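A.B. asks: So here's start.pdb (PDB, C-alpha atoms and all ligand atoms).
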```
ATOM      1  CA  MET I 217      67.164 115.030  84.428
ATOM      2  CA  ALA I 218      67.720 116.913  81.158
ATOM      3  CA  ARG I 219      67.288 114.847  77.993
ATOM      4  CA  ALA I 220      70.936 115.353  77.095
ATOM      5  CA  SER I 221      72.312 114.045  80.390
ATOM      6  CA  GLN I 222      69.944 111.042  80.311
ATOM      7  CA  HIS I 223      71.642 110.156  77.069
ATOM      8  CA  ASP I 224      75.168 110.273  78.484
ATOM      9  CA  ALA I 225      74.681 106.760  79.926
ATOM     10  CA  TRP I 226      78.086 106.287  81.580
ATOM     11  CA  GLN I 227      77.900 102.797  83.030
ATOM     12  CA  ALA I 228      79.101  99.882  81.013
ATOM     13  CA  GLY I 229      82.898  99.924  80.958
ATOM     14  CA  ASP I 230      83.301  97.372  78.142
ATOM     15  CA  ASN I 231      81.000  99.274  75.829
ATOM     16  CA  TYR I 232      82.673 102.596  76.584
ATOM     17  CA  ASP I 233      86.018 101.018  75.725
ATOM     18  CA  ARG I 234      84.671  99.921  72.330
ATOM     19  CA  TYR I 235      83.215 103.361  71.584
ATOM     20  CA  MET I 236      85.662 105.959  72.978
ATOM     21  CA  GLY I 237      88.162 104.087  75.139
ATOM     22  CA  ARG I 238      89.994 102.825  72.042
ATOM     23  CA  TRP I 239      90.665 106.458  71.093
ATOM     24  CA  SER I 240      91.153 107.922  74.561
ATOM     25  CA  ARG I 241      93.942 105.340  75.045
ATOM     26  CA  GLN I 242      95.766 106.992  72.127
ATOM     27  CA  VAL I 243      95.323 110.554  73.399
ATOM     28  CA  ALA I 244      96.487 109.851  76.959
ATOM     29  CA  PRO I 245     100.187 109.100  76.171
ATOM     30  CA  ARG I 246     100.359 112.109  73.844
ATOM     31  CA  PHE I 247      99.042 114.335  76.649
ATOM     32  CA  LEU I 248     101.585 112.865  79.073
ATOM     33  CA  ASP I 249     104.436 113.397  76.573
ATOM     34  CA  TRP I 250     103.464 117.060  76.503
ATOM     35  CA  LEU I 251     103.272 117.310  80.317
ATOM     36  CA  HIS I 252     106.660 115.610  80.587
ATOM     37  CA  PRO I 253     106.251 114.752  84.300
ATOM     38  CA  ALA I 254     108.962 113.362  86.578
ATOM     39  CA  ARG I 255     108.854 109.753  87.753
ATOM     40  CA  GLY I 256     107.875 108.791  91.291
ATOM     41  CA  LEU I 257     105.103 111.373  91.793
ATOM     42  CA  ASP I 258     101.817 111.155  93.711
ATOM     43  CA  TRP I 259      99.052 111.429  91.061
ATOM     44  CA  VAL I 260      95.283 111.981  91.038
ATOM     45  CA  ASP I 261      93.260 111.188  87.883
ATOM     46  CA  VAL I 262      89.853 112.884  88.101
ATOM     47  CA  GLY I 263      87.070 111.301  86.017
ATOM     48  CA  CYS I 264      89.313 108.299  85.409
ATOM     49  CA  GLY I 265      86.558 106.255  83.730
ATOM     50  CA  THR I 266      87.862 102.842  82.697
ATOM     51  CA  GLY I 267      91.455 103.940  83.359
ATOM     52  CA  ALA I 268      92.865 105.018  79.982
ATOM     53  CA  LEU I 269      94.911 107.882  81.415
ATOM     54  CA  SER I 270      95.789 106.030  84.631
ATOM     55  CA  ALA I 271      97.146 103.101  82.587
ATOM     56  CA  ALA I 272      99.351 105.443  80.550
ATOM     57  CA  ILE I 273     100.692 107.061  83.750
ATOM     58  CA  VAL I 274     101.590 103.658  85.209
ATOM     59  CA  ALA I 275     103.133 102.474  81.931
ATOM     60  CA  GLY I 276     105.297 105.532  81.381
ATOM     61  CA  TYR I 277     105.902 107.468  84.587
ATOM     62  CA  ASP I 278     106.415 105.048  87.486
ATOM     63  CA  PRO I 279     104.043 106.824  89.915
ATOM     64  CA  LYS I 280     104.645 106.613  93.654
ATOM     65  CA  SER I 281     100.865 106.517  94.064
ATOM     66  CA  LEU I 282      97.831 107.118  91.860
ATOM     67  CA  ILE I 283      94.229 107.710  92.944
ATOM     68  CA  GLY I 284      91.603 107.514  90.206
ATOM     69  CA  LEU I 285      88.209 109.068  90.937
ATOM     70  CA  ASP I 286      84.956 108.647  89.030
ATOM     71  CA  PRO I 287      81.237 108.658  89.913
ATOM     72  CA  SER I 288      80.549 105.510  87.860
ATOM     73  CA  GLU I 289      81.065 102.283  89.832
ATOM     74  CA  GLY I 290      80.718 100.336  86.543
ATOM     75  CA  PHE I 291      83.661 102.214  85.030
ATOM     76  CA  LEU I 292      85.734 101.883  88.207
ATOM     77  CA  GLU I 293      85.237  98.119  88.156
ATOM     78  CA  LYS I 294      86.667  98.018  84.644
ATOM     79  CA  ALA I 295      89.493 100.418  85.621
ATOM     80  CA  ARG I 296      90.545  98.058  88.436
ATOM     81  CA  LEU I 297      90.817  95.233  85.896
ATOM     82  CA  ASN I 298      92.615  97.431  83.349
ATOM     83  CA  VAL I 299      95.181  98.820  85.796
ATOM     84  CA  PRO I 300      95.971  96.154  88.408
ATOM     85  CA  ASP I 301      98.817  97.787  90.318
ATOM     86  CA  PRO I 302      99.337  98.025  94.113
ATOM     87  CA  ARG I 303     100.223 101.725  93.827
ATOM     88  CA  VAL I 304      96.859 102.495  92.195
ATOM     89  CA  GLU I 305      93.488 102.905  93.893
ATOM     90  CA  PHE I 306      90.184 103.628  92.148
ATOM     91  CA  ARG I 307      87.455 105.276  94.236
ATOM     92  CA  VAL I 308      84.013 106.789  93.711
ATOM     93  CA  GLY I 309      84.300 110.585  93.556
ATOM     94  CA  ASP I 310      82.912 113.793  92.096
ATOM     95  CA  ALA I 311      85.209 116.339  90.453
ATOM     96  CA  GLN I 312      83.260 119.239  91.981
ATOM     97  CA  MET I 313      83.918 118.079  95.548
ATOM     98  CA  LEU I 314      87.004 115.907  95.775
ATOM     99  CA  ALA I 315      86.937 113.866  98.963
ATOM    100  CA  MET I 316      90.674 114.347  99.421
ATOM    101  CA  PRO I 317      92.821 116.481 101.700
ATOM    102  CA  SER I 318      94.400 119.661 100.345
ATOM    103  CA  GLN I 319      97.926 119.496  98.935
ATOM    104  CA  ALA I 320      97.843 115.698  98.806
ATOM    105  CA  ALA I 321      99.282 115.165  95.310
ATOM    106  CA  ASP I 322     102.165 116.326  93.126
ATOM    107  CA  ILE I 323     100.079 116.279  89.970
ATOM    108  CA  VAL I 324      96.314 116.244  89.337
ATOM    109  CA  VAL I 325      95.061 115.391  85.857
ATOM    110  CA  SER I 326      91.832 114.733  84.049
ATOM    111  CA  GLY I 327      91.127 113.212  80.626
ATOM    112  CA  LEU I 328      88.021 113.922  78.511
ATOM    113  CA  MET I 329      85.938 114.663  81.607
ATOM    114  CA  LEU I 330      85.655 118.380  82.279
ATOM    115  CA  ASN I 331      82.905 119.033  79.700
ATOM    116  CA  PHE I 332      80.566 116.649  81.548
ATOM    117  CA  VAL I 333      80.839 118.571  84.818
ATOM    118  CA  PRO I 334      78.227 121.293  85.373
ATOM    119  CA  ARG I 335      80.494 123.444  87.600
ATOM    120  CA  ARG I 336      83.746 123.296  85.648
ATOM    121  CA  GLU I 337      85.492 126.155  87.419
ATOM    122  CA  GLU I 338      84.726 124.504  90.752
ATOM    123  CA  ALA I 339      86.213 121.242  89.473
ATOM    124  CA  LEU I 340      89.450 122.982  88.455
ATOM    125  CA  ARG I 341      89.624 124.782  91.798
ATOM    126  CA  GLU I 342      89.239 121.423  93.516
ATOM    127  CA  MET I 343      92.025 119.928  91.393
ATOM    128  CA  ALA I 344      94.238 122.882  92.328
ATOM    129  CA  ARG I 345      93.363 122.501  96.018
ATOM    130  CA  VAL I 346      94.430 118.855  96.008
ATOM    131  CA  ALA I 347      97.721 119.634  94.240
ATOM    132  CA  ARG I 348     100.731 120.762  96.258
ATOM    133  CA  PRO I 349     101.827 124.392  95.717
ATOM    134  CA  GLY I 350     103.637 124.594  92.390
ATOM    135  CA  GLY I 351     102.258 121.171  91.406
ATOM    136  CA  ARG I 352     100.805 120.501  87.987
ATOM    137  CA  VAL I 353      97.085 120.628  87.250
ATOM    138  CA  ALA I 354      96.256 119.599  83.698
ATOM    139  CA  PHE I 355      93.403 118.293  81.581
ATOM    140  CA  TYR I 356      92.258 117.654  78.042
ATOM    141  CA  VAL I 357      88.875 117.474  76.350
ATOM    142  CA  TRP I 358      87.801 116.749  72.797
ATOM    143  CA  ASP I 359      87.396 119.683  70.453
ATOM    144  CA  TYR I 360      83.623 119.315  70.132
ATOM    145  CA  PRO I 361      82.609 122.814  68.950
ATOM    146  CA  SER I 362      84.406 122.717  65.615
ATOM    147  CA  GLY I 363      83.658 119.066  64.869
ATOM    148  CA  GLY I 364      87.146 117.982  65.888
ATOM    149  CA  VAL I 365      85.935 114.433  66.580
ATOM    150  CA  GLU I 366      85.155 113.667  62.968
ATOM    151  CA  PHE I 367      83.471 110.291  63.406
ATOM    152  CA  MET I 368      81.081 111.721  65.988
ATOM    153  CA  ARG I 369      80.316 114.699  63.770
ATOM    154  CA  ALA I 370      79.618 112.321  60.843
ATOM    155  CA  PHE I 371      77.212 110.303  62.978
ATOM    156  CA  TRP I 372      75.281 113.333  64.244
ATOM    157  CA  THR I 373      75.123 115.069  60.855
ATOM    158  CA  ILE I 374      73.157 112.148  59.425
ATOM    159  CA  ALA I 375      71.196 111.521  62.639
ATOM    160  CA  VAL I 376      70.044 115.167  62.714
ATOM    161  CA  ASP I 377      69.133 115.027  59.001
ATOM    162  CA  LEU I 378      66.720 112.222  59.854
ATOM    163  CA  ASP I 379      65.628 113.572  63.258
ATOM    164  CA  PRO I 380      66.107 117.340  63.696
ATOM    165  CA  ALA I 381      65.201 117.058  67.400
ATOM    166  CA  ALA I 382      68.469 115.160  67.935
ATOM    167  CA  GLN I 383      70.345 118.457  67.391
ATOM    168  CA  ASP I 384      70.075 119.235  71.108
ATOM    169  CA  LEU I 385      71.975 116.033  71.934
ATOM    170  CA  THR I 386      74.981 116.782  69.730
ATOM    171  CA  GLU I 387      78.235 117.531  71.496
ATOM    172  CA  ASN I 388      78.860 120.746  69.545
ATOM    173  CA  ARG I 389      75.504 122.071  70.841
ATOM    174  CA  ARG I 390      76.036 120.791  74.382
ATOM    175  CA  PHE I 391      79.714 121.697  74.837
ATOM    176  CA  PRO I 392      80.261 124.973  72.941
ATOM    177  CA  PHE I 393      82.730 126.095  75.611
ATOM    178  CA  CYS I 394      85.303 123.435  74.599
ATOM    179  CA  THR I 395      87.378 125.809  72.495
ATOM    180  CA  ARG I 396      91.097 126.176  73.004
ATOM    181  CA  ASP I 397      90.837 129.803  74.161
ATOM    182  CA  ASN I 398      87.902 129.210  76.496
ATOM    183  CA  LEU I 399      89.554 126.279  78.191
ATOM    184  CA  ALA I 400      92.775 128.181  78.841
ATOM    185  CA  HIS I 401      90.720 131.132  80.095
ATOM    186  CA  LEU I 402      88.785 128.825  82.422
ATOM    187  CA  ALA I 403      92.054 127.481  83.842
ATOM    188  CA  ARG I 404      93.273 131.036  84.567
ATOM    189  CA  GLN I 405      89.921 132.008  86.091
ATOM    190  CA  SER I 406      90.147 128.982  88.359
ATOM    191  CA  GLY I 407      93.365 130.357  89.821
ATOM    192  CA  LEU I 408      95.966 128.280  87.982
ATOM    193  CA  ALA I 409      99.304 129.925  87.208
ATOM    194  CA  GLU I 410     101.562 129.478  84.151
ATOM    195  CA  VAL I 411      98.672 128.270  81.975
ATOM    196  CA  GLU I 412      99.597 126.817  78.574
ATOM    197  CA  ASP I 413      97.534 124.980  75.966
ATOM    198  CA  GLU I 414      98.221 122.490  73.191
ATOM    199  CA  GLU I 415      96.503 120.680  70.339
ATOM    200  CA  ILE I 416      96.579 116.876  70.236
ATOM    201  CA  GLU I 417      95.373 115.163  67.059
ATOM    202  CA  ILE I 418      95.080 111.413  66.555
ATOM    203  CA  ALA I 419      93.999 109.188  63.667
ATOM    204  CA  THR I 420      90.697 107.401  64.341
ATOM    205  CA  ARG I 421      90.656 104.923  61.467
ATOM    206  CA  PHE I 422      87.813 102.441  61.211
ATOM    207  CA  GLU I 423      88.540  99.159  59.383
ATOM    208  CA  ASN I 424      85.157  99.167  57.641
ATOM    209  CA  PHE I 425      81.551 100.249  58.147
ATOM    210  CA  ASP I 426      80.806  97.617  60.812
ATOM    211  CA  ASP I 427      83.809  98.744  62.846
ATOM    212  CA  PHE I 428      82.360 102.280  62.740
ATOM    213  CA  TRP I 429      78.720 101.296  63.378
ATOM    214  CA  ARG I 430      78.877  98.636  66.057
ATOM    215  CA  PRO I 431      80.049 100.891  68.949
ATOM    216  CA  PHE I 432      77.078 103.184  68.298
ATOM    217  CA  THR I 433      74.694 100.276  68.956
ATOM    218  CA  LEU I 434      76.124  99.507  72.405
ATOM    219  CA  GLY I 435      74.438 102.346  74.288
ATOM    220  CA  THR I 436      77.349 103.845  76.278
ATOM    221  CA  GLY I 437      78.093 107.542  75.662
ATOM    222  CA  PRO I 438      75.770 110.230  74.268
ATOM    223  CA  ALA I 439      75.568 109.165  70.597
ATOM    224  CA  PRO I 440      75.376 105.406  71.304
ATOM    225  CA  ALA I 441      72.665 105.995  73.921
ATOM    226  CA  TYR I 442      70.657 107.924  71.309
ATOM    227  CA  CYS I 443      71.245 105.233  68.677
ATOM    228  CA  ALA I 444      70.451 102.286  70.957
ATOM    229  CA  ASN I 445      67.189 103.906  72.091
ATOM    230  CA  LEU I 446      65.849 104.469  68.560
ATOM    231  CA  PRO I 447      62.985 102.225  67.407
ATOM    232  CA  ALA I 448      64.346  99.452  65.137
ATOM    233  CA  ASP I 449      63.036 100.919  61.860
ATOM    234  CA  ARG I 450      64.581 104.341  62.537
ATOM    235  CA  ARG I 451      67.869 102.772  63.589
ATOM    236  CA  ARG I 452      67.889 100.802  60.331
ATOM    237  CA  LYS I 453      67.340 104.003  58.313
ATOM    238  CA  LEU I 454      70.129 105.760  60.191
ATOM    239  CA  ARG I 455      72.473 102.834  59.542
ATOM    240  CA  GLU I 456      71.664 102.786  55.831
ATOM    241  CA  LYS I 457      72.161 106.513  55.399
ATOM    242  CA  LEU I 458      75.444 106.487  57.289
ATOM    243  CA  LYS I 459      76.681 103.497  55.313
ATOM    244  CA  ALA I 460      75.947 105.303  52.040
ATOM    245  CA  ASN I 461      77.557 108.596  53.059
ATOM    246  CA  LEU I 462      80.747 107.954  55.031
ATOM    247  CA  PRO I 463      84.060 109.027  53.419
ATOM    248  CA  TYR I 464      85.609 105.637  52.587
ATOM    249  CA  ALA I 465      89.200 105.116  51.479
ATOM    250  CA  ASP I 466      89.901 102.781  48.523
ATOM    251  CA  ASP I 467      90.411  99.810  50.855
ATOM    252  CA  GLY I 468      86.981 100.317  52.503
ATOM    253  CA  SER I 469      88.409 101.803  55.693
ATOM    254  CA  ILE I 470      87.164 105.139  57.070
ATOM    255  CA  PRO I 471      90.068 107.473  57.875
ATOM    256  CA  PHE I 472      88.747 109.992  60.392
ATOM    257  CA  LYS I 473      90.781 112.163  62.786
ATOM    258  CA  ALA I 474      90.040 113.456  66.280
ATOM    259  CA  ARG I 475      91.430 116.532  67.998
ATOM    260  CA  ALA I 476      91.663 117.315  71.705
ATOM    261  CA  TRP I 477      92.675 120.509  73.474
ATOM    262  CA  ALA I 478      95.064 120.100  76.388
ATOM    263  CA  VAL I 479      95.645 122.712  79.092
ATOM    264  CA  ARG I 480      98.229 122.725  81.882
ATOM    265  CA  GLY I 481      98.922 125.098  84.742
ATOM    266  CA  ARG I 482     100.334 125.113  88.234
ATOM    267  CA  ALA I 483      98.643 125.262  91.624
ATOM    268  CA  VAL I 484      99.544 128.301  93.699
ATOM    269  CA  GLU I 485      99.573 128.389  97.486
TER     270      GLU I 485
HETATM  271  C1  LIG I 501      84.635 110.367  78.290
HETATM  272  S1  LIG I 501      84.836 109.596  79.838
HETATM  273  C2  LIG I 501      86.604 109.746  80.055
HETATM  274  C3  LIG I 501      87.157 108.679  80.945
HETATM  275  C4  LIG I 501      88.687 108.583  81.005
HETATM  276  N1  LIG I 501      89.284 109.715  81.689
HETATM  277  C5  LIG I 501      89.298 108.416  79.634
HETATM  278  O1  LIG I 501      90.132 109.239  79.244
HETATM  279  O2  LIG I 501      88.937 107.451  78.947
HETATM  280  C6  LIG I 501      84.176 110.813  80.929
HETATM  281  C7  LIG I 501      84.238 110.387  82.377
HETATM  282  O3  LIG I 501      83.857 111.487  83.199
HETATM  283  C8  LIG I 501      83.189 110.940  84.316
HETATM  284  N2  LIG I 501      82.436 111.996  84.982
HETATM  285  C9  LIG I 501      81.246 112.535  84.643
HETATM  286  N3  LIG I 501      80.868 113.454  85.557
HETATM  287  C10 LIG I 501      81.858 113.503  86.488
HETATM  288  C11 LIG I 501      82.058 114.237  87.695
HETATM  289  N4  LIG I 501      81.162 115.127  88.128
HETATM  290  N5  LIG I 501      83.182 114.009  88.413
HETATM  291  C12 LIG I 501      84.104 113.119  87.991
HETATM  292  N6  LIG I 501      83.962 112.393  86.863
HETATM  293  C13 LIG I 501      82.854 112.577  86.130
HETATM  294  C14 LIG I 501      82.330 109.840  83.714
HETATM  295  O4  LIG I 501      81.857 108.926  84.672
HETATM  296  C15 LIG I 501      83.314 109.230  82.731
HETATM  297  O5  LIG I 501      84.080 108.221  83.321
END
```
Can you present the structure in this file as structure tokens?

C.D. replies:
Amino acid sequence: MARASQHDAWQAGDNYDRYMGRWSRQVAPRFLDWLHPARGLDWVDVGCGTGALSAAIVAGYDPKSLIGLDPSEGFLEKARLNVPDPRVEFRVGDAQMLAMPSQAADIVVSGLMLNFVPRREEALREMARVARPGGRVAFYVWDYPSGGVEFMRAFWTIAVDLDPAAQDLTENRRFPFCTRDNLAHLARQSGLAEVEDEEIEIATRFENFDDFWRPFTLGTGPAPAYCANLPADRRRKLREKLKANLPYADDGSIPFKARAWAVRGRAVE
């Protein structure tokens, strides 16, 4: 396994929620506002993780059914607790080979997942296959290449200062294809029609340094896995340097922002 993917460490649902889930829960409703779907649809949420997007669908769009798919049983367990609803089912699945019949859903979506899939075009083709003709296929990912997730960029900038070898683990190095234009192009290449893209920006404000630092010590996600695996003395140095260099507001909070790119299209027959 490549060093980078070893460090992705997608298992512990609680820890993911403390690191990224708190922010992905804010992006999901904004993405759904933009999609503006009808109520009563059959949905599939690919790479559902702990259920941030699925929960927003249930809360706002009264689905007829919703199937959430993810390879991580640990995340699915948490998703089942987060979204207890008889219309919703969470199953193990891989985006590149959806174990679902063709034309089974009205709308197939994916939140913050596509960059982790090696064969992205294949994943989008699979999403289109599962959607009914004319049905929506849509996704969003963080804007990694231009440092759009500011708190992550701040972490890695200092981490790489102290350990240049960590550069290969940074999301801007690993996911350079996550630009707005590339993602829309990928959707068209994958056979989607009527492709449109949108920017979604949210505030990711940390109350204080501990609120920023603690999720990085929990080990779930690329940066936390790197941080948690550092020897204690190096982790202490990283903590001290971050603490001294973050852009604090007057009240001690840290007002970062995070940007995602959203893309939507339609499945053709
Ligand atoms: C950043 S999390 C996003 C989870 C959730 N959609 C959200 O918005 O919070 C990325 C998710 O992609 C999943 N994932 C990674 N590789 C995948 C694949 N090949 N097929 C489906 N999901 C995958 C991970 O298990 C993880 O749950």

A.B. asks: Going by the chain IDs and residue numbers used in this file, which residues fall under the PyMOL selection byres (((chain I and resi 418) around 12) and not hetatm)? Write them as a VMD selection string.

C.D. replies: chain I and resid 238 to 247 358 to 359 364 to 366 415 to 417 419 to 421 471 to 477

A.B. asks: Which residues are near ligand LIG 501 (chain I) in this structure, taking near to mean any atom at most 7 Å from a ligand atom and counting all atoms listed in the file? Format them as a PyMOL selection string.

C.D. replies: chain I and resi 226+236-237+240-241+244+262-269+285-288+291+309-312+326-329+332-333

A.B. asks: For the PyMOL selection byres (((chain I and resi 316) around 12) and not hetatm), applied here, can you spell out every residue it catches as a list in words?

C.D. replies: Val260, Val262, Ile283, Gly284, Leu285, Arg307, Val308, Gly309, Asp310, Ala311, Gln312, Met313, Leu314, Ala315, Pro317, Ser318, Gln319, Ala320, Ala321, Val324, Glu342, Met343, Ala344, Arg345, Val346 and Ala347 of chain I

A.B. asks: Can you write just those residues out, C-alpha atoms, as a PDB file, in the coordinates of the input?

C.D. replies:
```pdb
ATOM      1  CA  VAL I 260      95.283 111.981  91.038  1.00  0.00           C
ATOM      2  CA  VAL I 262      89.853 112.884  88.101  1.00  0.00           C
ATOM      3  CA  ILE I 283      94.229 107.710  92.944  1.00  0.00           C
ATOM      4  CA  GLY I 284      91.603 107.514  90.206  1.00  0.00           C
ATOM      5  CA  LEU I 285      88.209 109.068  90.937  1.00  0.00           C
ATOM      6  CA  ARG I 307      87.455 105.276  94.236  1.00  0.00           C
ATOM      7  CA  VAL I 308      84.013 106.789  93.711  1.00  0.00           C
ATOM      8  CA  GLY I 309      84.300 110.585  93.556  1.00  0.00           C
ATOM      9  CA  ASP I 310      82.912 113.793  92.096  1.00  0.00           C
ATOM     10  CA  ALA I 311      85.209 116.339  90.453  1.00  0.00           C
ATOM     11  CA  GLN I 312      83.260 119.239  91.981  1.00  0.00           C
ATOM     12  CA  MET I 313      83.918 118.079  95.548  1.00  0.00           C
ATOM     13  CA  LEU I 314      87.004 115.907  95.775  1.00  0.00           C
ATOM     14  CA  ALA I 315      86.937 113.866  98.963  1.00  0.00           C
ATOM     15  CA  PRO I 317      92.821 116.481 101.700  1.00  0.00           C
ATOM     16  CA  SER I 318      94.400 119.661 100.345  1.00  0.00           C
ATOM     17  CA  GLN I 319      97.926 119.496  98.935  1.00  0.00           C
ATOM     18  CA  ALA I 320      97.843 115.698  98.806  1.00  0.00           C
ATOM     19  CA  ALA I 321      99.282 115.165  95.310  1.00  0.00           C
ATOM     20  CA  VAL I 324      96.314 116.244  89.337  1.00  0.00           C
ATOM     21  CA  GLU I 342      89.239 121.423  93.516  1.00  0.00           C
ATOM     22  CA  MET I 343      92.025 119.928  91.393  1.00  0.00           C
ATOM     23  CA  ALA I 344      94.238 122.882  92.328  1.00  0.00           C
ATOM     24  CA  ARG I 345      93.363 122.501  96.018  1.00  0.00           C
ATOM     25  CA  VAL I 346      94.430 118.855  96.008  1.00  0.00           C
ATOM     26  CA  ALA I 347      97.721 119.634  94.240  1.00  0.00           C
TER      27      ALA I 347
END
```

A.B. asks: For the point (83.4, 99.6, 83.7) in the file's frame, write as JSON, numbers by chain all residues with an atom no more than 9 Å away, counting all atoms listed in the file.

C.D. replies: {"I": [226, 227, 228, 229, 230, 231, 232, 233, 265, 266, 288, 289, 290, 291, 292, 293, 294, 295, 296, 297]}

A.B. asks: Quote the spacing between CA of Glu337 (chain I) and CA of Ile323 (chain I) in Å to one decimal place.

C.D. replies: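 We find that CA of Glu337 (chain I) and CA of Ile323 (chain I) lie 17.8 Å from each other.
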
A.B. asks: Compare I:Leu378, I:Val411, I:Ala400, I:Val479 by their minimum atom-to-atom distance to Lys453 (chain I), counting only C-alpha atoms, and give me the closest one.

C.D. replies: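 Looking at the shortest contact to Lys453 (chain I), the residue is I:Leu378.
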
A.B. asks: What does the distance from CA of Pro334 (chain I) to CA of Glu305 (chain I) come to in Å, to one decimal?

C.D. replies: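 Calculated distance between CA of Pro334 (chain I) and CA of Glu305 (chain I) is 25.4 Å.
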
A.B. asks: In Å, how far is it from CA of Met368 (chain I) to CA of Glu423 (chain I)?

C.D. replies: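 Computed distance, CA of Met368 (chain I) to CA of Glu423 (chain I), equals 16.0 Å.
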
A.B. asks: What does the PyMOL selection byres (((chain I and resi 388-390) around 10) and not hetatm) select in this file, as a VMD selection string?

C.D. replies: chain I and resid 220 to 221 331 to 332 359 to 365 368 to 369 372 383 to 387 391 to 394

A.B. asks: Determine, counting only C-alpha atoms, which protein, DNA and RNA residues have an atom within 9 Å of an atom of Val304 (chain I); residues of the same chain fewer than 5 positions away are not included. Present the result as a list in words.

C.D. replies: Ser270, Val274, Pro279, Lys280, Ser281, Leu282, Ile283, Gly284, Arg296 and Val299 of chain I

A.B. asks: Can you pull region 269-274 of chain I out of that block with all heavy atoms and hand it back as a PDB file, in the first residue's frame?

C.D. replies:
```pdb
ATOM      1  N   LEU I 269     -24.183  13.464   4.486  1.00  0.00           N
ATOM      2  CA  LEU I 269     -25.048  13.834   3.356  1.00  0.00           C
ATOM      3  C   LEU I 269     -26.392  13.108   3.453  1.00  0.00           C
ATOM      4  O   LEU I 269     -27.454  13.708   3.224  1.00  0.00           O
ATOM      5  CB  LEU I 269     -24.318  13.516   2.036  1.00  0.00           C
ATOM      6  CG  LEU I 269     -25.059  13.800   0.745  1.00  0.00           C
ATOM      7  CD1 LEU I 269     -25.569  15.235   0.666  1.00  0.00           C
ATOM      8  CD2 LEU I 269     -24.128  13.519  -0.463  1.00  0.00           C
ATOM      9  N   SER I 270     -26.359  11.836   3.826  1.00  0.00           N
ATOM     10  CA  SER I 270     -27.607  11.072   3.962  1.00  0.00           C
ATOM     11  C   SER I 270     -28.537  11.743   4.974  1.00  0.00           C
ATOM     12  O   SER I 270     -29.756  11.855   4.745  1.00  0.00           O
ATOM     13  CB  SER I 270     -27.316   9.637   4.428  1.00  0.00           C
ATOM     14  OG  SER I 270     -26.578   8.933   3.471  1.00  0.00           O
ATOM     15  N   ALA I 271     -27.965  12.204   6.097  1.00  0.00           N
ATOM     16  CA  ALA I 271     -28.786  12.846   7.133  1.00  0.00           C
ATOM     17  C   ALA I 271     -29.455  14.108   6.588  1.00  0.00           C
ATOM     18  O   ALA I 271     -30.627  14.383   6.867  1.00  0.00           O
ATOM     19  CB  ALA I 271     -27.919  13.183   8.345  1.00  0.00           C
ATOM     20  N   ALA I 272     -28.703  14.862   5.782  1.00  0.00           N
ATOM     21  CA  ALA I 272     -29.261  16.107   5.226  1.00  0.00           C
ATOM     22  C   ALA I 272     -30.369  15.792   4.208  1.00  0.00           C
ATOM     23  O   ALA I 272     -31.358  16.530   4.102  1.00  0.00           O
ATOM     24  CB  ALA I 272     -28.154  16.933   4.585  1.00  0.00           C
ATOM     25  N   ILE I 273     -30.215  14.701   3.478  1.00  0.00           N
ATOM     26  CA  ILE I 273     -31.262  14.299   2.510  1.00  0.00           C
ATOM     27  C   ILE I 273     -32.546  13.950   3.262  1.00  0.00           C
ATOM     28  O   ILE I 273     -33.642  14.397   2.917  1.00  0.00           O
ATOM     29  CB  ILE I 273     -30.768  13.090   1.665  1.00  0.00           C
ATOM     30  CG1 ILE I 273     -29.597  13.499   0.779  1.00  0.00           C
ATOM     31  CG2 ILE I 273     -31.915  12.518   0.829  1.00  0.00           C
ATOM     32  CD1 ILE I 273     -28.804  12.331   0.187  1.00  0.00           C
ATOM     33  N   VAL I 274     -32.393  13.153   4.330  1.00  0.00           N
ATOM     34  CA  VAL I 274     -33.566  12.738   5.113  1.00  0.00           C
ATOM     35  C   VAL I 274     -34.216  13.953   5.765  1.00  0.00           C
ATOM     36  O   VAL I 274     -35.450  14.093   5.776  1.00  0.00           O
ATOM     37  CB  VAL I 274     -33.156  11.682   6.175  1.00  0.00           C
ATOM     38  CG1 VAL I 274     -34.280  11.436   7.169  1.00  0.00           C
ATOM     39  CG2 VAL I 274     -32.765  10.384   5.471  1.00  0.00           C
TER      40      VAL I 274
END
```
